[in-house]
>>> print(open('my_file_31.pdb').read())   # PDB, C-alpha atoms
MODEL        1
ATOM      1  CA  MET A   1       0.000   0.000   0.000
ATOM      2  CA  ASN A   2       1.293   3.451  -0.934
ATOM      3  CA  ASP A   3       1.615   5.717   2.103
ATOM      4  CA  ASN A   4      -0.688   8.203   0.408
ATOM      5  CA  GLU A   5      -3.488   5.751  -0.338
ATOM      6  CA  TRP A   6      -6.151   3.688   1.312
ATOM      7  CA  SER A   7      -6.700   0.189   0.046
ATOM      8  CA  ASP A   8     -10.420   0.961   0.385
ATOM      9  CA  PRO A   9     -11.042   4.692  -0.291
ATOM     10  CA  ARG A  10     -14.586   4.354   1.087
ATOM     11  CA  ILE A  11     -13.113   4.166   4.591
ATOM     12  CA  ARG A  12     -11.640   7.623   4.161
ATOM     13  CA  LYS A  13     -14.960   8.991   2.871
ATOM     14  CA  ALA A  14     -16.977   7.352   5.613
ATOM     15  CA  PHE A  15     -14.786   8.125   8.618
ATOM     16  CA  PHE A  16     -12.947  11.360   7.832
ATOM     17  CA  LYS A  17     -15.438  14.004   6.847
ATOM     18  CA  ALA A  18     -14.674  17.640   7.648
ATOM     19  CA  PRO A  19     -17.115  19.067  10.222
ATOM     20  CA  PRO A  20     -19.236  22.095   9.228
ATOM     21  CA  THR A  21     -17.344  25.379   9.318
ATOM     22  CA  PRO A  22     -18.484  27.752  12.091
ATOM     23  CA  SER A  23     -20.405  30.815  10.915
ATOM     24  CA  ALA A  24     -19.051  34.359  11.236
ATOM     25  CA  PHE A  25     -21.492  34.924  14.104
ATOM     26  CA  GLU A  26     -20.250  31.807  15.930
ATOM     27  CA  THR A  27     -16.661  32.918  15.422
ATOM     28  CA  GLU A  28     -17.356  36.388  16.860
ATOM     29  CA  ALA A  29     -19.101  34.844  19.883
ATOM     30  CA  PHE A  30     -16.134  32.526  20.332
ATOM     31  CA  VAL A  31     -13.661  35.438  20.139
ATOM     32  CA  SER A  32     -15.647  37.275  22.857
ATOM     33  CA  ARG A  33     -15.634  34.223  25.139
ATOM     34  CA  VAL A  34     -11.892  33.659  24.757
ATOM     35  CA  MET A  35     -11.054  37.336  25.286
ATOM     36  CA  ALA A  36     -13.249  37.375  28.418
ATOM     37  CA  ARG A  37     -11.361  34.337  29.731
ATOM     38  CA  ILE A  38      -8.050  36.046  28.976
ATOM     39  CA  ASP A  39      -9.211  39.087  30.975
ATOM     40  CA  GLU A  40     -10.212  36.824  33.873
ATOM     41  CA  SER A  41      -6.944  34.941  33.756
ATOM     42  CA  ARG A  42      -5.014  38.195  33.902
ATOM     43  CA  VAL A  43      -6.391  39.237  37.335
ATOM     44  CA  PRO A  44      -4.160  36.838  39.330
ATOM     45  CA  VAL A  45      -1.056  38.423  37.779
ATOM     46  CA  PHE A  46      -1.688  41.565  39.828
ATOM     47  CA  SER A  47      -3.529  39.669  42.495
ATOM     48  CA  PRO A  48      -1.809  40.451  45.821
ATOM     49  CA  PHE A  49      -2.887  44.099  45.751
ATOM     50  CA  LEU A  50      -6.149  43.628  43.820
ATOM     51  CA  ARG A  51      -7.267  40.760  46.026
ATOM     52  CA  LEU A  52      -6.651  42.956  49.079
ATOM     53  CA  ILE A  53      -8.795  45.741  47.636
ATOM     54  CA  MET A  54     -11.535  43.405  46.472
ATOM     55  CA  ALA A  55     -11.797  41.368  49.692
ATOM     56  CA  ARG A  56     -15.129  41.544  51.527
ATOM     57  CA  TRP A  57     -13.527  42.534  54.818
ATOM     58  CA  THR A  58     -11.572  45.487  53.364
ATOM     59  CA  VAL A  59     -14.263  48.170  53.879
ATOM     60  CA  PRO A  60     -15.096  47.221  57.542
ATOM     61  CA  ALA A  61     -11.397  46.899  58.322
ATOM     62  CA  LEU A  62     -10.654  50.297  56.802
ATOM     63  CA  GLY A  63     -13.552  51.862  58.757
ATOM     64  CA  LEU A  64     -12.294  50.361  61.983
ATOM     65  CA  GLY A  65      -8.771  51.562  61.272
ATOM     66  CA  ILE A  66      -9.873  55.125  60.514
ATOM     67  CA  ALA A  67     -12.038  55.195  63.666
ATOM     68  CA  ALA A  68      -9.108  53.981  65.778
ATOM     69  CA  VAL A  69      -6.796  56.661  64.383
ATOM     70  CA  PHE A  70      -9.450  59.379  64.897
ATOM     71  CA  LEU A  71     -10.076  58.362  68.508
ATOM     72  CA  SER A  72      -6.379  58.150  69.356
ATOM     73  CA  ILE A  73      -5.852  61.691  68.012
ATOM     74  CA  GLN A  74      -8.843  63.061  69.940
ATOM     75  CA  TYR A  75      -7.649  61.721  73.297
ATOM     76  CA  THR A  76      -3.994  62.679  72.879
ATOM     77  CA  VAL A  77      -3.045  65.975  74.597
ATOM     78  CA  PRO A  78      -0.565  67.839  72.386
ATOM     79  CA  ALA A  79       2.802  68.511  74.117
ATOM     80  CA  GLY A  80       2.672  72.185  73.125
ATOM     81  CA  SER A  81      -0.596  72.764  74.976
ATOM     82  CA  MET A  82       0.918  71.151  78.108
ATOM     83  CA  VAL A  83       3.774  73.672  78.107
ATOM     84  CA  VAL A  84       1.276  76.528  77.723
ATOM     85  CA  ASN A  85      -0.783  75.164  80.625
ATOM     86  CA  ALA A  86       2.315  74.831  82.767
ATOM     87  CA  SER A  87       3.303  78.445  82.155
ATOM     88  CA  ILE A  88      -0.177  79.624  83.140
ATOM     89  CA  THR A  89      -0.186  77.650  86.374
ATOM     90  CA  GLY A  90       3.452  78.600  87.107
ATOM     91  CA  ALA A  91       4.614  75.014  87.271
ATOM     92  CA  ASP A  92       7.755  73.607  85.743
ATOM     93  CA  ALA A  93       7.072  72.429  82.187
ATOM     94  CA  SER A  94       8.400  68.957  82.907
ATOM     95  CA  SER A  95       5.967  68.600  85.806
ATOM     96  CA  ALA A  96       3.054  68.893  83.387
ATOM     97  CA  TRP A  97       3.765  65.315  82.360
ATOM     98  CA  VAL A  98       3.101  64.213  85.959
ATOM     99  CA  ILE A  99      -0.547  63.575  86.538
ATOM    100  CA  PRO A 100      -1.538  65.386  89.763
ATOM    101  CA  MET A 101      -3.194  63.261  92.399
ATOM    102  CA  ASP A 102      -6.412  64.681  93.870
ATOM    103  CA  ASN A 103      -5.515  63.795  97.434
ATOM    104  CA  GLU A 104      -1.868  64.774  97.251
ATOM    105  CA  PRO A 105      -0.613  66.108 100.659
TER     106      PRO A 105
ATOM    107  CA  MET B   1      -2.509  49.610  11.220
ATOM    108  CA  PRO B   2      -5.856  47.765  10.921
ATOM    109  CA  GLU B   3      -5.804  44.154  12.158
ATOM    110  CA  GLU B   4      -7.284  42.729   8.952
ATOM    111  CA  SER B   5      -4.363  43.752   6.729
ATOM    112  CA  SER B   6      -1.605  42.675   9.136
ATOM    113  CA  THR B   7       0.287  39.412   8.769
ATOM    114  CA  ASP B   8       0.150  36.809  11.529
ATOM    115  CA  ALA B   9       3.751  37.647  12.495
ATOM    116  CA  GLU B  10       2.884  41.352  12.839
ATOM    117  CA  LEU B  11      -0.152  40.510  14.957
ATOM    118  CA  VAL B  12       1.958  38.272  17.219
ATOM    119  CA  GLY B  13       4.399  41.169  17.673
ATOM    120  CA  ARG B  14       1.540  43.480  18.632
ATOM    121  CA  VAL B  15       0.125  40.964  21.121
ATOM    122  CA  ARG B  16       3.563  40.766  22.737
ATOM    123  CA  ALA B  17       3.534  44.563  22.993
ATOM    124  CA  GLY B  18       0.254  44.350  24.909
ATOM    125  CA  ASP B  19      -2.346  44.822  22.143
ATOM    126  CA  ASP B  20      -5.133  42.342  22.896
ATOM    127  CA  ARG B  21      -7.150  43.345  19.812
ATOM    128  CA  ALA B  22      -4.385  41.780  17.728
ATOM    129  CA  PHE B  23      -4.911  38.473  19.530
ATOM    130  CA  ALA B  24      -8.659  38.709  18.887
ATOM    131  CA  GLU B  25      -7.840  38.970  15.166
ATOM    132  CA  LEU B  26      -5.541  35.931  15.382
ATOM    133  CA  ILE B  27      -8.401  33.955  16.960
ATOM    134  CA  ARG B  28     -10.786  35.157  14.238
ATOM    135  CA  ARG B  29      -8.397  33.926  11.529
ATOM    136  CA  SER B  30      -7.684  30.497  12.995
ATOM    137  CA  HIS B  31     -10.902  29.650  14.853
ATOM    138  CA  ALA B  32     -12.397  27.527  12.057
ATOM    139  CA  ARG B  33      -9.294  25.344  11.647
ATOM    140  CA  VAL B  34      -8.656  24.876  15.363
ATOM    141  CA  PHE B  35     -12.330  24.157  16.038
ATOM    142  CA  SER B  36     -12.468  21.711  13.133
ATOM    143  CA  LEU B  37      -9.403  19.877  14.476
ATOM    144  CA  CYS B  38     -10.958  19.711  17.961
ATOM    145  CA  VAL B  39     -14.302  18.422  16.624
ATOM    146  CA  SER B  40     -12.562  15.793  14.502
ATOM    147  CA  MET B  41     -10.403  14.671  17.401
ATOM    148  CA  LEU B  42     -12.969  14.770  20.211
ATOM    149  CA  GLY B  43     -16.106  13.870  18.299
ATOM    150  CA  ASP B  44     -18.611  16.357  19.696
ATOM    151  CA  ARG B  45     -19.036  20.080  19.334
ATOM    152  CA  THR B  46     -19.452  20.886  23.033
ATOM    153  CA  SER B  47     -16.158  19.268  24.035
ATOM    154  CA  ALA B  48     -14.544  20.799  20.961
ATOM    155  CA  GLU B  49     -15.739  24.298  21.930
ATOM    156  CA  ASP B  50     -14.238  23.923  25.435
ATOM    157  CA  ALA B  51     -11.029  22.463  24.040
ATOM    158  CA  ALA B  52     -10.671  25.226  21.436
ATOM    159  CA  GLN B  53     -11.058  27.867  24.168
ATOM    160  CA  GLU B  54      -8.342  26.160  26.209
ATOM    161  CA  VAL B  55      -6.089  26.011  23.150
ATOM    162  CA  PHE B  56      -6.322  29.763  22.537
ATOM    163  CA  LEU B  57      -5.876  30.512  26.236
ATOM    164  CA  LYS B  58      -2.747  28.347  26.335
ATOM    165  CA  ALA B  59      -1.486  29.958  23.138
ATOM    166  CA  TYR B  60      -1.942  33.438  24.645
ATOM    167  CA  GLN B  61      -0.210  32.501  27.873
ATOM    168  CA  SER B  62       2.735  30.811  26.156
ATOM    169  CA  LEU B  63       3.141  33.194  23.239
ATOM    170  CA  ASN B  64       6.635  34.070  24.472
ATOM    171  CA  LYS B  65       7.621  30.457  23.680
ATOM    172  CA  PHE B  66       6.710  30.964  20.026
ATOM    173  CA  LYS B  67      10.074  31.575  18.347
ATOM    174  CA  GLY B  68       8.735  32.388  14.904
ATOM    175  CA  THR B  69      10.710  29.596  13.183
ATOM    176  CA  SER B  70       7.436  28.165  11.855
ATOM    177  CA  ALA B  71       4.166  29.833  10.892
ATOM    178  CA  PHE B  72       1.934  30.925  13.778
ATOM    179  CA  THR B  73      -0.846  28.628  12.544
ATOM    180  CA  THR B  74       1.513  25.615  12.574
ATOM    181  CA  TRP B  75       2.558  26.418  16.137
ATOM    182  CA  LEU B  76      -1.102  26.857  17.096
ATOM    183  CA  TYR B  77      -1.888  23.489  15.491
ATOM    184  CA  ARG B  78       0.808  21.941  17.657
ATOM    185  CA  VAL B  79      -0.740  23.456  20.790
ATOM    186  CA  ALA B  80      -4.178  22.212  19.699
ATOM    187  CA  SER B  81      -2.907  18.735  18.784
ATOM    188  CA  ASN B  82      -1.146  18.287  22.111
ATOM    189  CA  HIS B  83      -4.200  19.482  24.018
ATOM    190  CA  CYS B  84      -6.534  17.101  22.144
ATOM    191  CA  LEU B  85      -4.064  14.222  22.595
ATOM    192  CA  ASP B  86      -4.027  14.838  26.351
ATOM    193  CA  LEU B  87      -7.842  14.814  26.452
ATOM    194  CA  LEU B  88      -8.049  11.655  24.315
ATOM    195  CA  ARG B  89      -5.484   9.817  26.449
ATOM    196  CA  LYS B  90      -7.455  10.670  29.577
ATOM    197  CA  SER B  91     -10.727   9.479  28.046
ATOM    198  CA  ALA B  92      -9.030   6.345  26.603
ATOM    199  CA  ARG B  93      -8.147   5.295  30.167
ATOM    200  CA  ARG B  94     -11.822   5.475  31.133
ATOM    201  CA  ARG B  95     -13.145   3.774  27.986
ATOM    202  CA  SER B  96     -14.095   0.122  28.269
ATOM    203  CA  GLU B  97     -15.389  -0.490  24.723
ATOM    204  CA  SER B  98     -12.981  -2.149  22.259
ATOM    205  CA  LEU B  99     -13.011  -1.684  18.490
ATOM    206  CA  GLU B 100     -13.787  -5.385  18.027
ATOM    207  CA  ALA B 101     -16.837  -5.068  20.283
ATOM    208  CA  VAL B 102     -18.139  -2.043  18.351
ATOM    209  CA  LEU B 103     -17.613  -3.775  15.000
ATOM    210  CA  GLU B 104     -19.366  -6.894  16.226
ATOM    211  CA  ALA B 105     -22.332  -5.007  17.651
ATOM    212  CA  GLU B 106     -22.709  -2.535  14.768
ATOM    213  CA  GLY B 107     -21.688  -4.660  11.784
ATOM    214  CA  ASP B 108     -24.783  -3.913   9.701
ATOM    215  CA  ARG B 109     -24.593  -0.188  10.256
ATOM    216  CA  ILE B 110     -20.908  -0.107   9.388
ATOM    217  CA  GLN B 111     -21.556  -2.023   6.212
ATOM    218  CA  PHE B 112     -24.270   0.462   5.276
ATOM    219  CA  LEU B 113     -21.991   3.374   6.194
ATOM    220  CA  LEU B 114     -19.319   2.102   3.812
ATOM    221  CA  LYS B 115     -21.765   1.239   1.052
ATOM    222  CA  ALA B 116     -24.107   4.235   1.024
ATOM    223  CA  PRO B 117     -23.255   7.393  -0.901
ATOM    224  CA  ASP B 118     -22.625  10.554   1.147
ATOM    225  CA  GLU B 119     -26.088  12.084   0.737
ATOM    226  CA  GLN B 120     -27.829   8.982   2.089
ATOM    227  CA  ARG B 121     -25.905   8.927   5.346
ATOM    228  CA  GLN B 122     -27.930   9.660   8.407
ATOM    229  CA  ALA B 123     -27.013  12.024  11.205
ATOM    230  CA  GLU B 124     -26.801   9.106  13.630
ATOM    231  CA  ASP B 125     -23.879   7.725  11.629
ATOM    232  CA  ARG B 126     -21.775  10.411  13.247
ATOM    233  CA  ASP B 127     -22.193   8.600  16.538
ATOM    234  CA  LEU B 128     -21.056   5.333  14.974
ATOM    235  CA  VAL B 129     -18.055   6.987  13.312
ATOM    236  CA  GLU B 130     -17.101   8.517  16.640
ATOM    237  CA  ARG B 131     -17.398   5.159  18.427
ATOM    238  CA  VAL B 132     -15.073   3.521  15.907
ATOM    239  CA  LEU B 133     -12.531   6.367  15.861
ATOM    240  CA  SER B 134     -12.474   6.637  19.643
ATOM    241  CA  CYS B 135     -11.186   3.068  19.761
ATOM    242  CA  LEU B 136      -8.096   3.989  17.740
ATOM    243  CA  PRO B 137      -4.910   4.880  19.640
ATOM    244  CA  PRO B 138      -4.905   8.711  20.097
ATOM    245  CA  ASP B 139      -1.680   9.086  18.059
ATOM    246  CA  TYR B 140      -3.248   7.284  15.101
ATOM    247  CA  ARG B 141      -6.376   9.358  15.320
ATOM    248  CA  LEU B 142      -4.362  12.594  15.379
ATOM    249  CA  ILE B 143      -2.243  11.835  12.336
ATOM    250  CA  LEU B 144      -5.243  10.574  10.355
ATOM    251  CA  THR B 145      -7.214  13.695  11.292
ATOM    252  CA  LEU B 146      -4.378  16.035  10.338
ATOM    253  CA  ARG B 147      -3.972  14.332   6.981
ATOM    254  CA  GLU B 148      -7.470  13.270   5.964
ATOM    255  CA  VAL B 149      -9.709  15.918   7.548
ATOM    256  CA  GLN B 150      -7.461  18.950   7.833
ATOM    257  CA  GLY B 151      -5.648  18.210   4.574
ATOM    258  CA  LEU B 152      -2.194  19.017   5.918
ATOM    259  CA  SER B 153       0.865  18.159   3.813
ATOM    260  CA  TYR B 154       3.500  15.765   5.163
ATOM    261  CA  GLU B 155       5.761  18.748   5.885
ATOM    262  CA  GLU B 156       3.026  20.529   7.838
ATOM    263  CA  ILE B 157       2.294  17.355   9.821
ATOM    264  CA  MET B 158       6.026  17.008  10.452
ATOM    265  CA  GLU B 159       6.175  20.500  11.961
ATOM    266  CA  THR B 160       2.928  20.057  13.890
ATOM    267  CA  MET B 161       3.961  16.729  15.410
ATOM    268  CA  ASP B 162       7.603  17.733  15.734
ATOM    269  CA  CYS B 163       8.983  14.604  14.048
ATOM    270  CA  SER B 164      10.821  13.593  10.866
ATOM    271  CA  LEU B 165       9.251  13.133   7.426
ATOM    272  CA  ASP B 166       9.953   9.384   7.520
ATOM    273  CA  SER B 167       8.269   9.167  10.889
ATOM    274  CA  VAL B 168       5.173  10.947   9.537
ATOM    275  CA  LYS B 169       4.931   8.524   6.617
ATOM    276  CA  ALA B 170       5.473   5.475   8.808
ATOM    277  CA  ARG B 171       2.929   6.577  11.423
ATOM    278  CA  LEU B 172       0.384   7.414   8.755
ATOM    279  CA  ARG B 173       0.816   4.039   7.104
ATOM    280  CA  ARG B 174       0.476   2.196  10.425
ATOM    281  CA  ALA B 175      -2.628   4.215  11.360
ATOM    282  CA  ARG B 176      -4.314   3.472   8.023
ATOM    283  CA  GLU B 177      -3.401  -0.194   8.196
ATOM    284  CA  SER B 178      -4.747  -0.450  11.714
ATOM    285  CA  LEU B 179      -8.161   0.925  10.733
ATOM    286  CA  GLU B 180      -8.308  -0.980   7.440
ATOM    287  CA  ASN B 181      -7.389  -4.281   9.063
ATOM    288  CA  SER B 182     -10.179  -3.820  11.589
ATOM    289  CA  LEU B 183     -12.663  -3.022   8.826
ATOM    290  CA  ARG B 184     -11.333  -5.587   6.338
ATOM    291  CA  HIS B 185     -14.288  -7.899   6.820
ATOM    292  CA  PHE B 186     -16.748  -5.111   5.924
ATOM    293  CA  SER B 187     -14.662  -3.912   3.005
ATOM    294  CA  GLU B 188     -14.499  -7.377   1.495
ATOM    295  CA  THR B 189     -18.191  -8.099   1.948
ATOM    296  CA  GLY B 190     -18.822  -4.653   0.501
ATOM    297  CA  GLY B 191     -17.332  -5.867  -2.734
ATOM    298  CA  VAL B 192     -14.171  -3.783  -3.069
TER     299      VAL B 192
ENDMDL
END
>>> encode(input="my_file_31.pdb", output="structure tokens")
Amino acid sequence: MNDNEWSDPRIRKAFFKAPPTPSAFETEAFVSRVMARIDESRVPVFSPFLRLIMARWTVPALGLGIAAVFLSIQYTVPAGSMVVNASITGADASSAWVIPMDNEP
Amino acid sequence: MPEESSTDAELVGRVRAGDDRAFAELIRRSHARVFSLCVSMLGDRTSAEDAAQEVFLKAYQSLNKFKGTSAFTTWLYRVASNHCLDLLRKSARRRSESLEAVLEAEGDRIQFLLKAPDEQRQAEDRDLVERVLSCLPPDYRLILTLREVQGLSYEEIMETMDCSLDSVKARLRRARESLENSLRHFSETGGV
């Protein structure tokens, strides 16, 4: 048998028929699906930062963080205002850091 | 430059530079051939659609491995062939039906399939054809598909399968002989 021939050509005709060619519409739909998958597959490349932003707990965690910073600022007495207070009361500036006791003798 | 008038090599260069529209054009140009190969290898359009998507995704992700020594379509064919071979090998492990069993059970239908002219063949023959072809070793099915369905030349098959010309001829001959020997009984009774 020649390597380019079948001994029974009907086998070739029966078993190796080309499938129908996809239409232009099917091809465009296919292109869209593949490009969408490429876009999806690209996300993990930048994932460490993006995943952090997109996580469900990010907004509550950020809110909690901002609240904590705001509260810590509100309850911190600025050093400058302590010096001013000390000069008004006539005390040594360094003593302003010492919390006076109510029942001090 | 519009995508339609660019060569495949130019489009590949643009994809590498980050232009995804160029890759969309490459898909548009080669979809029919890749899909046809997948349908011929896997036997049904749904599996072929999934496989073709995977092929293009793999091609996009490994485009930096494409050296440009062969045509882009040949390289894409190699990606598609390897992907379909992997799928066929996995399904061959699960398959319990042998070619002899199919031929014994469906002898009359196979005889009719070989005897009847193209226009008389029924849609259900596709199922029978698929059952017979799925019993072939995946390597045989690939080389027969590339040659008989896709119409590739020996040189193109050589590049796609990454082997020598002699190897292509020898594999093709063995694949044909394997199928013909199995169907010999039907061929002879068919009066050839």
>>> residues_around(input="my_file_31.pdb", residues="region 64-79 of chain B", least_positions_apart="3", cutoff="8 Å", atoms="all atoms listed in the file", output="MDAnalysis selection string")
chainID B and resid 8:9 16 30 34 55 58:59 61 82:83 156 159:161
>>> interface_residues(input="my_file_31.pdb", of="chain B", to="chain A", cutoff="6 Å", atoms="all atoms listed in the file", output="ChimeraX atom specification")
/B:53,114,129,149,173
>>> resolve_selection(input="my_file_31.pdb", expression="the PyMOL selection byres ((chain B and resi 86-89) around 10)", output="list in words")
Met41, Leu42, Ser47, Ala51, Ala80, Ser81, Asn82, His83, Cys84, Leu85, Lys90, Ser91, Ala92, Arg93, Arg94, Arg95, Ser134, Pro137, Pro138, Asp139, Arg141 and Leu142 of chain B
>>> write_last_selection(input="my_file_31.pdb", atoms="C-alpha atoms", output="mmCIF file, in the frame of the given file")
data_model
loop_
_atom_site.group_PDB
_atom_site.id
_atom_site.type_symbol
_atom_site.label_atom_id
_atom_site.label_comp_id
_atom_site.auth_asym_id
_atom_site.auth_seq_id
_atom_site.Cartn_x
_atom_site.Cartn_y
_atom_site.Cartn_z
ATOM 1 C CA MET B 41 -10.403 14.671 17.401
ATOM 2 C CA LEU B 42 -12.969 14.770 20.211
ATOM 3 C CA SER B 47 -16.158 19.268 24.035
ATOM 4 C CA ALA B 51 -11.029 22.463 24.040
ATOM 5 C CA ALA B 80 -4.178 22.212 19.699
ATOM 6 C CA SER B 81 -2.907 18.735 18.784
ATOM 7 C CA ASN B 82 -1.146 18.287 22.111
ATOM 8 C CA HIS B 83 -4.200 19.482 24.018
ATOM 9 C CA CYS B 84 -6.534 17.101 22.144
ATOM 10 C CA LEU B 85 -4.064 14.222 22.595
ATOM 11 C CA LYS B 90 -7.455 10.670 29.577
ATOM 12 C CA SER B 91 -10.727 9.479 28.046
ATOM 13 C CA ALA B 92 -9.030 6.345 26.603
ATOM 14 C CA ARG B 93 -8.147 5.295 30.167
ATOM 15 C CA ARG B 94 -11.822 5.475 31.133
ATOM 16 C CA ARG B 95 -13.145 3.774 27.986
ATOM 17 C CA SER B 134 -12.474 6.637 19.643
ATOM 18 C CA PRO B 137 -4.910 4.880 19.640
ATOM 19 C CA PRO B 138 -4.905 8.711 20.097
ATOM 20 C CA ASP B 139 -1.680 9.086 18.059
ATOM 21 C CA ARG B 141 -6.376 9.358 15.320
ATOM 22 C CA LEU B 142 -4.362 12.594 15.379
#
>>> residues_around(input="my_file_31.pdb", residues="Val102 (chain B)", least_positions_apart="3", cutoff="9 Å", atoms="all atoms listed in the file", output="number ranges by chain")
B: 97-99, 105-107, 128, 131-132, 135
>>> closest_residue(input="my_file_31.pdb", among="B:Arg21, B:Arg28, B:Arg33, B:Arg184", to="Leu152 (chain B)", atoms="only C-alpha atoms")
B:Arg33
>>> closest_residue(input="my_file_31.pdb", among="B:Leu63, B:Val39, B:Ile143, B:Leu179", to="Cys163 (chain B)", atoms="only C-alpha atoms")
B:Ile143
>>> atom_distance(input="my_file_31.pdb", atom1="CA of Phe35 (chain B)", atom2="CA of Gly13 (chain B)")
23.9 Å
>>> atom_distance(input="my_file_31.pdb", atom1="CA of Glu40 (chain A)", atom2="CA of Glu10 (chain B)")
25.2 Å
